[in-house]
Amino acid sequence: NLYLSIEKPDNEALSDKRTVIVSGKTNPENTLTASTNQEDIVTTPSKDGSFSISITIDTGVNKLVTRAISPSGEVKIDTRVITFSQEDF
């Protein structure tokens with residue numbers, strides 16, 4: 001049963017750094033991709049299914065798309081919006 005659970009970052013998160021950490025869990029046999037306006041990263045989770053991906057974001061609003069792809073080709077997608085700003089709110 002394919003699952004993808006993202007622990008960080010929260011949807012609609014505000015970041016003052018150009019790099020965000022995407023962490024969560026999925027089935028250990030899956031392949032993971034994380035994509036932003038800036039880059040695409042492909043990785044595999046650890047034996048317990050946990051993962052942590054460091055990815056670069058652009059100034060302003062970014063769409064962060066994380067995909068878990070099972071060996072059989074099933075795909076689970078998580079989409080979040082992350083805003084990069086160094087202004088004080």
# chains A, B, ... in the order shown; residues from 1 in each chain; ligands from 1
>>> residues_around(residues="Ala68 (chain A)", least_positions_apart="3", cutoff="8 Å", atoms="only C-alpha atoms", output="list of chain:residue names")
A:Tyr3, A:Leu4, A:Thr26, A:Asn30, A:Thr31, A:Leu32, A:Thr33, A:Val75, A:Lys76, A:Ile77
>>> residues_around(residues="Thr79 (chain A)", least_positions_apart="4", cutoff="7 Å", atoms="only C-alpha atoms", output="list of chain:residue names")
A:Lys63, A:Leu64, A:Val65, A:Thr66
>>> write_last_selection(atoms="N, CA, C and O atoms", output="CSV table (one decimal), in the first residue's frame")
chain,number,residue,atom,x,y,z
A,63,LYS,N,6.5,26.3,-5.5
A,63,LYS,CA,5.7,25.1,-5.4
A,63,LYS,C,6.7,24.0,-5.1
A,63,LYS,O,7.6,23.8,-5.9
A,64,LEU,N,6.5,23.2,-4.0
A,64,LEU,CA,7.3,22.1,-3.7
A,64,LEU,C,6.5,20.8,-3.9
A,64,LEU,O,5.5,20.6,-3.3
A,65,VAL,N,7.0,20.0,-4.8
A,65,VAL,CA,6.2,18.8,-5.2
A,65,VAL,C,7.1,17.6,-4.8
A,65,VAL,O,8.2,17.5,-5.3
A,66,THR,N,6.6,16.8,-3.9
A,66,THR,CA,7.3,15.5,-3.5
A,66,THR,C,6.5,14.4,-4.0
A,66,THR,O,5.3,14.3,-3.9
>>> residues_around(residues="Val61 (chain A)", least_positions_apart="6", cutoff="8 Å", atoms="only C-alpha atoms", output="PyMOL selection string")
chain A and resi 81-84
>>> residues_around(residues="Glu29 (chain A)", least_positions_apart="5", cutoff="8 Å", atoms="only C-alpha atoms", output="list in words")
Thr44, Pro45, Gly49, Ser70 and Pro71 of chain A
>>> closest_residue(among="A:Asn62, A:Leu14, A:Lys25, A:Leu2", to="Asn37 (chain A)", atoms="only C-alpha atoms")
A:Asn62
